[in-house]
>>> print(open('model34.pdb').read())   # PDB, C-alpha atoms, pLDDT in the B column
ATOM      1  CA  GLN A1084       0.000   0.000   0.000  1.00 86.00           C
ATOM      2  CA  VAL A1085       1.127   3.539  -0.766  1.00 91.00           C
ATOM      3  CA  GLN A1086       0.039   6.742   0.926  1.00 95.00           C
ATOM      4  CA  LEU A1087       0.333   9.955  -1.051  1.00 97.00           C
ATOM      5  CA  VAL A1088       0.029  13.352   0.584  1.00 97.00           C
ATOM      6  CA  GLU A1089      -0.236  16.536  -1.440  1.00 98.00           C
ATOM      7  CA  SER A1090       0.592  19.992  -0.163  1.00 98.00           C
ATOM      8  CA  GLY A1091       1.241  23.480  -1.460  1.00 98.00           C
ATOM      9  CA  GLY A1092      -2.173  24.501  -2.677  1.00 98.00           C
ATOM     10  CA  GLY A1093      -3.762  27.820  -1.848  1.00 98.00           C
ATOM     11  CA  LEU A1094      -5.212  31.057  -3.155  1.00 98.00           C
ATOM     12  CA  VAL A1095      -3.194  33.001  -5.708  1.00 98.00           C
ATOM     13  CA  GLN A1096      -3.892  35.824  -8.126  1.00 98.00           C
ATOM     14  CA  ALA A1097      -3.854  35.264 -11.852  1.00 98.00           C
ATOM     15  CA  GLY A1098      -0.295  35.362 -13.137  1.00 98.00           C
ATOM     16  CA  GLY A1099       1.088  34.042  -9.887  1.00 98.00           C
ATOM     17  CA  SER A1100       2.887  30.819  -9.054  1.00 98.00           C
ATOM     18  CA  LEU A1101       2.505  27.858  -6.735  1.00 98.00           C
ATOM     19  CA  ARG A1102       4.561  24.736  -6.140  1.00 98.00           C
ATOM     20  CA  LEU A1103       2.747  21.563  -5.234  1.00 98.00           C
ATOM     21  CA  SER A1104       4.406  18.626  -3.497  1.00 98.00           C
ATOM     22  CA  CYS A1105       3.410  14.983  -3.257  1.00 97.00           C
ATOM     23  CA  ALA A1106       5.088  12.917  -0.565  1.00 97.00           C
ATOM     24  CA  ALA A1107       4.946   9.142  -0.924  1.00 95.00           C
ATOM     25  CA  SER A1108       5.110   6.654   1.946  1.00 92.00           C
ATOM     26  CA  ARG A1109       7.475   4.347   0.087  1.00 88.00           C
ATOM     27  CA  SER A1110      10.368   4.567  -2.315  1.00 86.00           C
ATOM     28  CA  THR A1111       9.439   6.064  -5.654  1.00 86.00           C
ATOM     29  CA  PHE A1112      12.508   4.806  -7.501  1.00 84.00           C
ATOM     30  CA  SER A1113      10.629   1.852  -8.953  1.00 84.00           C
ATOM     31  CA  ILE A1114       7.361   3.648  -9.630  1.00 88.00           C
ATOM     32  CA  ASN A1115       7.219   4.251 -13.332  1.00 88.00           C
ATOM     33  CA  ALA A1116       4.748   6.956 -14.266  1.00 92.00           C
ATOM     34  CA  MET A1117       3.765   9.269 -11.433  1.00 95.00           C
ATOM     35  CA  GLY A1118       1.435  12.079 -12.293  1.00 97.00           C
ATOM     36  CA  TRP A1119      -0.667  15.047 -11.334  1.00 98.00           C
ATOM     37  CA  PHE A1120      -4.361  15.236 -12.095  1.00 98.00           C
ATOM     38  CA  ARG A1121      -6.908  17.918 -11.349  1.00 98.00           C
ATOM     39  CA  GLN A1122     -10.645  18.181 -10.996  1.00 98.00           C
ATOM     40  CA  ALA A1123     -12.498  21.455 -11.314  1.00 97.00           C
ATOM     41  CA  PRO A1124     -16.033  21.882  -9.921  1.00 92.00           C
ATOM     42  CA  GLY A1125     -18.538  20.134 -12.146  1.00 94.00           C
ATOM     43  CA  LYS A1126     -15.875  18.648 -14.374  1.00 97.00           C
ATOM     44  CA  GLN A1127     -14.172  15.297 -14.758  1.00 97.00           C
ATOM     45  CA  ARG A1128     -10.737  14.616 -13.373  1.00 97.00           C
ATOM     46  CA  GLU A1129      -8.096  15.286 -16.006  1.00 98.00           C
ATOM     47  CA  LEU A1130      -4.416  14.587 -16.449  1.00 98.00           C
ATOM     48  CA  VAL A1131      -2.163  17.589 -15.891  1.00 98.00           C
ATOM     49  CA  ALA A1132       1.315  16.110 -16.146  1.00 98.00           C
ATOM     50  CA  VAL A1133       3.091  12.790 -15.841  1.00 98.00           C
ATOM     51  CA  MET A1134       6.721  11.862 -15.374  1.00 96.00           C
ATOM     52  CA  THR A1135       8.288   8.434 -15.792  1.00 94.00           C
ATOM     53  CA  SER A1136      11.122   7.036 -13.722  1.00 90.00           C
ATOM     54  CA  SER A1137      13.433   7.652 -16.685  1.00 91.00           C
ATOM     55  CA  GLY A1138      12.553  11.334 -16.721  1.00 92.00           C
ATOM     56  CA  SER A1139      10.193  11.497 -19.677  1.00 96.00           C
ATOM     57  CA  THR A1140       7.365  13.966 -19.238  1.00 97.00           C
ATOM     58  CA  ASN A1141       3.993  14.637 -20.780  1.00 98.00           C
ATOM     59  CA  TYR A1142       1.726  17.616 -20.219  1.00 98.00           C
ATOM     60  CA  ALA A1143      -1.839  18.566 -20.975  1.00 98.00           C
ATOM     61  CA  ASP A1144      -1.925  21.120 -23.773  1.00 98.00           C
ATOM     62  CA  SER A1145      -3.564  23.626 -21.444  1.00 97.00           C
ATOM     63  CA  VAL A1146      -0.523  23.740 -19.123  1.00 98.00           C
ATOM     64  CA  LYS A1147       2.393  23.293 -21.532  1.00 98.00           C
ATOM     65  CA  GLY A1148       4.987  26.002 -21.063  1.00 98.00           C
ATOM     66  CA  ARG A1149       3.550  27.028 -17.691  1.00 98.00           C
ATOM     67  CA  PHE A1150       3.756  23.925 -15.482  1.00 98.00           C
ATOM     68  CA  THR A1151       6.769  21.744 -14.758  1.00 98.00           C
ATOM     69  CA  ILE A1152       6.662  18.307 -13.177  1.00 98.00           C
ATOM     70  CA  SER A1153       9.665  16.894 -11.351  1.00 97.00           C
ATOM     71  CA  ARG A1154      10.578  14.062  -9.034  1.00 95.00           C
ATOM     72  CA  ASP A1155      13.089  13.673  -6.226  1.00 94.00           C
ATOM     73  CA  ASN A1156      13.227   9.924  -5.781  1.00 90.00           C
ATOM     74  CA  ALA A1157      15.773  10.243  -2.987  1.00 92.00           C
ATOM     75  CA  LYS A1158      13.086  12.044  -0.979  1.00 94.00           C
ATOM     76  CA  ASN A1159      10.133  10.043  -2.340  1.00 94.00           C
ATOM     77  CA  THR A1160       8.568  13.273  -3.498  1.00 96.00           C
ATOM     78  CA  MET A1161       7.070  14.647  -6.691  1.00 97.00           C
ATOM     79  CA  PHE A1162       6.523  18.301  -7.481  1.00 98.00           C
ATOM     80  CA  LEU A1163       4.457  20.466  -9.775  1.00 98.00           C
ATOM     81  CA  GLN A1164       5.730  23.982 -10.371  1.00 98.00           C
ATOM     82  CA  MET A1165       2.873  26.097 -11.670  1.00 98.00           C
ATOM     83  CA  ASN A1166       3.606  29.495 -13.192  1.00 98.00           C
ATOM     84  CA  SER A1167       1.453  32.058 -14.977  1.00 98.00           C
ATOM     85  CA  LEU A1168      -1.607  30.662 -13.279  1.00 98.00           C
ATOM     86  CA  LYS A1169      -5.016  31.350 -14.785  1.00 98.00           C
ATOM     87  CA  PRO A1170      -8.484  31.282 -13.207  1.00 97.00           C
ATOM     88  CA  GLU A1171      -9.229  28.173 -15.272  1.00 97.00           C
ATOM     89  CA  ASP A1172      -6.463  26.356 -13.383  1.00 98.00           C
ATOM     90  CA  THR A1173      -8.672  26.442 -10.283  1.00 98.00           C
ATOM     91  CA  ALA A1174      -9.211  22.847  -9.171  1.00 98.00           C
ATOM     92  CA  VAL A1175      -8.328  20.205  -6.646  1.00 98.00           C
ATOM     93  CA  TYR A1176      -4.977  18.749  -7.651  1.00 98.00           C
ATOM     94  CA  TYR A1177      -4.306  15.071  -7.026  1.00 98.00           C
ATOM     95  CA  CYS A1178      -1.134  13.041  -7.007  1.00 97.00           C
ATOM     96  CA  ASN A1179      -1.251   9.604  -8.650  1.00 97.00           C
ATOM     97  CA  ALA A1180       1.087   6.634  -8.498  1.00 95.00           C
ATOM     98  CA  PRO A1181       0.407   3.223 -10.039  1.00 93.00           C
ATOM     99  CA  VAL A1182       2.075   0.453  -8.027  1.00 91.00           C
ATOM    100  CA  TYR A1183       1.748  -3.244  -8.945  1.00 90.00           C
ATOM    101  CA  GLY A1184      -1.335  -2.508 -11.019  1.00 90.00           C
ATOM    102  CA  ILE A1185      -3.125  -0.493  -8.345  1.00 93.00           C
ATOM    103  CA  ASN A1186      -3.720   3.229  -8.822  1.00 94.00           C
ATOM    104  CA  TYR A1187      -3.029   5.154  -5.642  1.00 95.00           C
ATOM    105  CA  TRP A1188      -4.323   8.673  -5.094  1.00 97.00           C
ATOM    106  CA  GLY A1189      -3.762  11.387  -2.572  1.00 97.00           C
ATOM    107  CA  LYS A1190      -6.634  13.318  -1.024  1.00 98.00           C
ATOM    108  CA  GLY A1191      -5.834  16.380  -3.099  1.00 98.00           C
ATOM    109  CA  THR A1192      -4.877  19.986  -2.521  1.00 98.00           C
ATOM    110  CA  LEU A1193      -7.051  22.903  -3.572  1.00 98.00           C
ATOM    111  CA  VAL A1194      -5.676  25.549  -5.900  1.00 98.00           C
ATOM    112  CA  THR A1195      -7.754  28.682  -6.355  1.00 98.00           C
ATOM    113  CA  VAL A1196      -6.713  31.321  -8.875  1.00 98.00           C
ATOM    114  CA  SER A1197      -8.488  34.651  -8.618  1.00 97.00           C
ATOM    115  CA  SER A1198      -8.899  37.002 -11.578  1.00 94.00           C
TER     116      SER A1198
END
>>> encode(input="model34.pdb", output="structure tokens")
Amino acid sequence: QVQLVESGGGLVQAGGSLRLSCAASRSTFSINAMGWFRQAPGKQRELVAVMTSSGSTNYADSVKGRFTISRDNAKNTMFLQMNSLKPEDTAVYYCNAPVYGINYWGKGTLVTVSS
């Protein structure tokens, strides 16, 4: 079993920045694709960014050039640096890690971007 705990959310003005963290309860060295998802009110959960253990990344078109995903496997932590935030980025952001075929999720951290 893996526990994931997100932190770093909050209220920020449009154009501002936030850095989200996801701390895992076990080593992340062997976890292949860890990712960030988000869910806005009334909308489905969507992929924001994913990073493999080899360092390959993939981003949703809506965040390309503004968000950066990274991992520190030595600290069992994943990050999401979010710059140039827009009101449409407002959502609960979730950390995801598939381990032995089971998808683990954190409880999420709320990001609110005011206009």
>>> closest_residue(input="model34.pdb", among="A:Val1146, A:Leu1087, A:Val1175, A:Ile1185", to="Thr1160 in chain A", atoms="all atoms listed in the file")
A:Leu1087
>>> closest_residue(input="model34.pdb", among="A:Ala1143, A:Met1117, A:Ala1123, A:Met1165", to="Leu1101 in chain A", atoms="all atoms listed in the file")
A:Met1165
>>> closest_atom_pairs(input="model34.pdb", of="range 1087-1136 of chain A", to="range 1177-1181 of chain A", cutoff="7 Å", atoms="all atoms listed in the file", output="Markdown table")
| residue | atom | partner | partner_atom | distance |
| --- | --- | --- | --- | --- |
| A:Leu1087 | CA | A:Cys1178 | CA | 6.9 |
| A:Glu1089 | CA | A:Cys1178 | CA | 6.6 |
| A:Cys1105 | CA | A:Cys1178 | CA | 6.2 |
| A:Ile1114 | CA | A:Pro1181 | CA | 7.0 |
| A:Ala1116 | CA | A:Ala1180 | CA | 6.8 |
| A:Met1117 | CA | A:Ala1180 | CA | 4.8 |
| A:Gly1118 | CA | A:Asn1179 | CA | 5.2 |
| A:Trp1119 | CA | A:Cys1178 | CA | 4.8 |
| A:Phe1120 | CA | A:Tyr1177 | CA | 5.1 |
| A:Arg1121 | CA | A:Tyr1177 | CA | 5.8 |
>>> resolve_selection(input="model34.pdb", expression="the PyMOL selection byres ((chain A and resi 1155) around 12)", output="ChimeraX atom specification")
/A:1104-1107,1110-1112,1117,1134-1136,1138,1152-1154,1156-1163
>>> closest_residue(input="model34.pdb", among="A:Ala1174, A:Ser1139, A:Gly1092, A:Ser1100", to="Gln1127 in chain A", atoms="all atoms listed in the file")
A:Ala1174
>>> resolve_selection(input="model34.pdb", expression="the PyMOL selection byres ((chain A and resi 1150) around 9)", output="VMD selection string")
chain A and resid 1131 to 1132 1142 1146 to 1149 1151 to 1152 1163 to 1168
>>> atom_distance(input="model34.pdb", atom1="CA of Gly1189 in chain A", atom2="CA of Leu1130 in chain A")
14.3 Å
>>> atom_distance(input="model34.pdb", atom1="CA of Ser1108 in chain A", atom2="CA of Val1196 in chain A")
29.4 Å
>>> atom_distance(input="model34.pdb", atom1="CA of Asn1141 in chain A", atom2="CA of Gly1091 in chain A")
21.4 Å
>>> build_atoms(input="model34.pdb", residues="range 1099-1128 of chain A", atoms="N, CA and C atoms", output="tab-separated table (two decimals), in the coordinates of the input")
chain	number	residue	atom	x	y	z
A	1099	GLY	N	0.22	34.48	-10.96
A	1099	GLY	CA	1.09	34.04	-9.89
A	1099	GLY	C	1.58	32.61	-10.04
A	1100	SER	N	2.29	32.14	-9.02
A	1100	SER	CA	2.89	30.82	-9.05
A	1100	SER	C	2.60	30.06	-7.77
A	1101	LEU	N	2.58	28.76	-7.89
A	1101	LEU	CA	2.50	27.86	-6.74
A	1101	LEU	C	3.36	26.63	-7.04
A	1102	ARG	N	3.83	25.99	-5.99
A	1102	ARG	CA	4.56	24.74	-6.14
A	1102	ARG	C	3.89	23.68	-5.28
A	1103	LEU	N	3.38	22.66	-5.93
A	1103	LEU	CA	2.75	21.56	-5.23
A	1103	LEU	C	3.77	20.46	-4.97
A	1104	SER	N	3.57	19.76	-3.85
A	1104	SER	CA	4.41	18.63	-3.50
A	1104	SER	C	3.54	17.41	-3.24
A	1105	CYS	N	4.09	16.25	-3.53
A	1105	CYS	CA	3.41	14.98	-3.26
A	1105	CYS	C	4.42	14.07	-2.58
A	1106	ALA	N	4.19	13.78	-1.32
A	1106	ALA	CA	5.09	12.92	-0.56
A	1106	ALA	C	4.52	11.51	-0.53
A	1107	ALA	N	5.36	10.55	-0.90
A	1107	ALA	CA	4.95	9.14	-0.92
A	1107	ALA	C	5.49	8.42	0.30
A	1108	SER	N	4.75	7.40	0.74
A	1108	SER	CA	5.11	6.65	1.95
A	1108	SER	C	6.13	5.55	1.69
A	1109	ARG	N	6.49	5.35	0.43
A	1109	ARG	CA	7.48	4.35	0.09
A	1109	ARG	C	8.40	4.89	-0.99
A	1110	SER	N	9.42	4.14	-1.30
A	1110	SER	CA	10.37	4.57	-2.32
A	1110	SER	C	9.67	4.73	-3.66
A	1111	THR	N	10.02	5.80	-4.34
A	1111	THR	CA	9.44	6.06	-5.65
A	1111	THR	C	10.38	5.68	-6.79
A	1112	PHE	N	11.54	5.16	-6.45
A	1112	PHE	CA	12.51	4.81	-7.50
A	1112	PHE	C	11.92	3.86	-8.54
A	1113	SER	N	11.13	2.89	-8.05
A	1113	SER	CA	10.63	1.85	-8.95
A	1113	SER	C	9.24	2.15	-9.49
A	1114	ILE	N	8.68	3.28	-9.11
A	1114	ILE	CA	7.36	3.65	-9.63
A	1114	ILE	C	7.57	4.31	-10.98
A	1115	ASN	N	6.95	3.75	-12.00
A	1115	ASN	CA	7.22	4.25	-13.33
A	1115	ASN	C	6.62	5.64	-13.57
A	1116	ALA	N	5.34	5.68	-13.89
A	1116	ALA	CA	4.75	6.96	-14.27
A	1116	ALA	C	3.95	7.55	-13.11
A	1117	MET	N	4.50	8.53	-12.46
A	1117	MET	CA	3.76	9.27	-11.43
A	1117	MET	C	3.22	10.53	-12.07
A	1118	GLY	N	2.03	10.94	-11.63
A	1118	GLY	CA	1.44	12.08	-12.29
A	1118	GLY	C	0.60	12.96	-11.40
A	1119	TRP	N	0.25	14.10	-11.96
A	1119	TRP	CA	-0.67	15.05	-11.33
A	1119	TRP	C	-1.94	15.12	-12.17
A	1120	PHE	N	-3.06	15.07	-11.47
A	1120	PHE	CA	-4.36	15.24	-12.10
A	1120	PHE	C	-5.06	16.39	-11.39
A	1121	ARG	N	-6.11	16.89	-12.01
A	1121	ARG	CA	-6.91	17.92	-11.35
A	1121	ARG	C	-8.37	17.75	-11.70
A	1122	GLN	N	-9.20	18.24	-10.78
A	1122	GLN	CA	-10.64	18.18	-11.00
A	1122	GLN	C	-11.26	19.51	-10.59
A	1123	ALA	N	-11.81	20.20	-11.57
A	1123	ALA	CA	-12.50	21.46	-11.31
A	1123	ALA	C	-13.96	21.17	-10.97
A	1124	PRO	N	-14.63	22.10	-10.29
A	1124	PRO	CA	-16.03	21.88	-9.92
A	1124	PRO	C	-16.90	21.58	-11.15
A	1125	GLY	N	-17.64	20.50	-11.06
A	1125	GLY	CA	-18.54	20.13	-12.15
A	1125	GLY	C	-17.87	19.51	-13.35
A	1126	LYS	N	-16.59	19.23	-13.24
A	1126	LYS	CA	-15.88	18.65	-14.37
A	1126	LYS	C	-15.23	17.33	-13.99
A	1127	GLN	N	-14.85	16.56	-15.01
A	1127	GLN	CA	-14.17	15.30	-14.76
A	1127	GLN	C	-12.71	15.53	-14.40
A	1128	ARG	N	-12.15	14.55	-13.70
A	1128	ARG	CA	-10.74	14.62	-13.37
A	1128	ARG	C	-9.93	14.48	-14.67
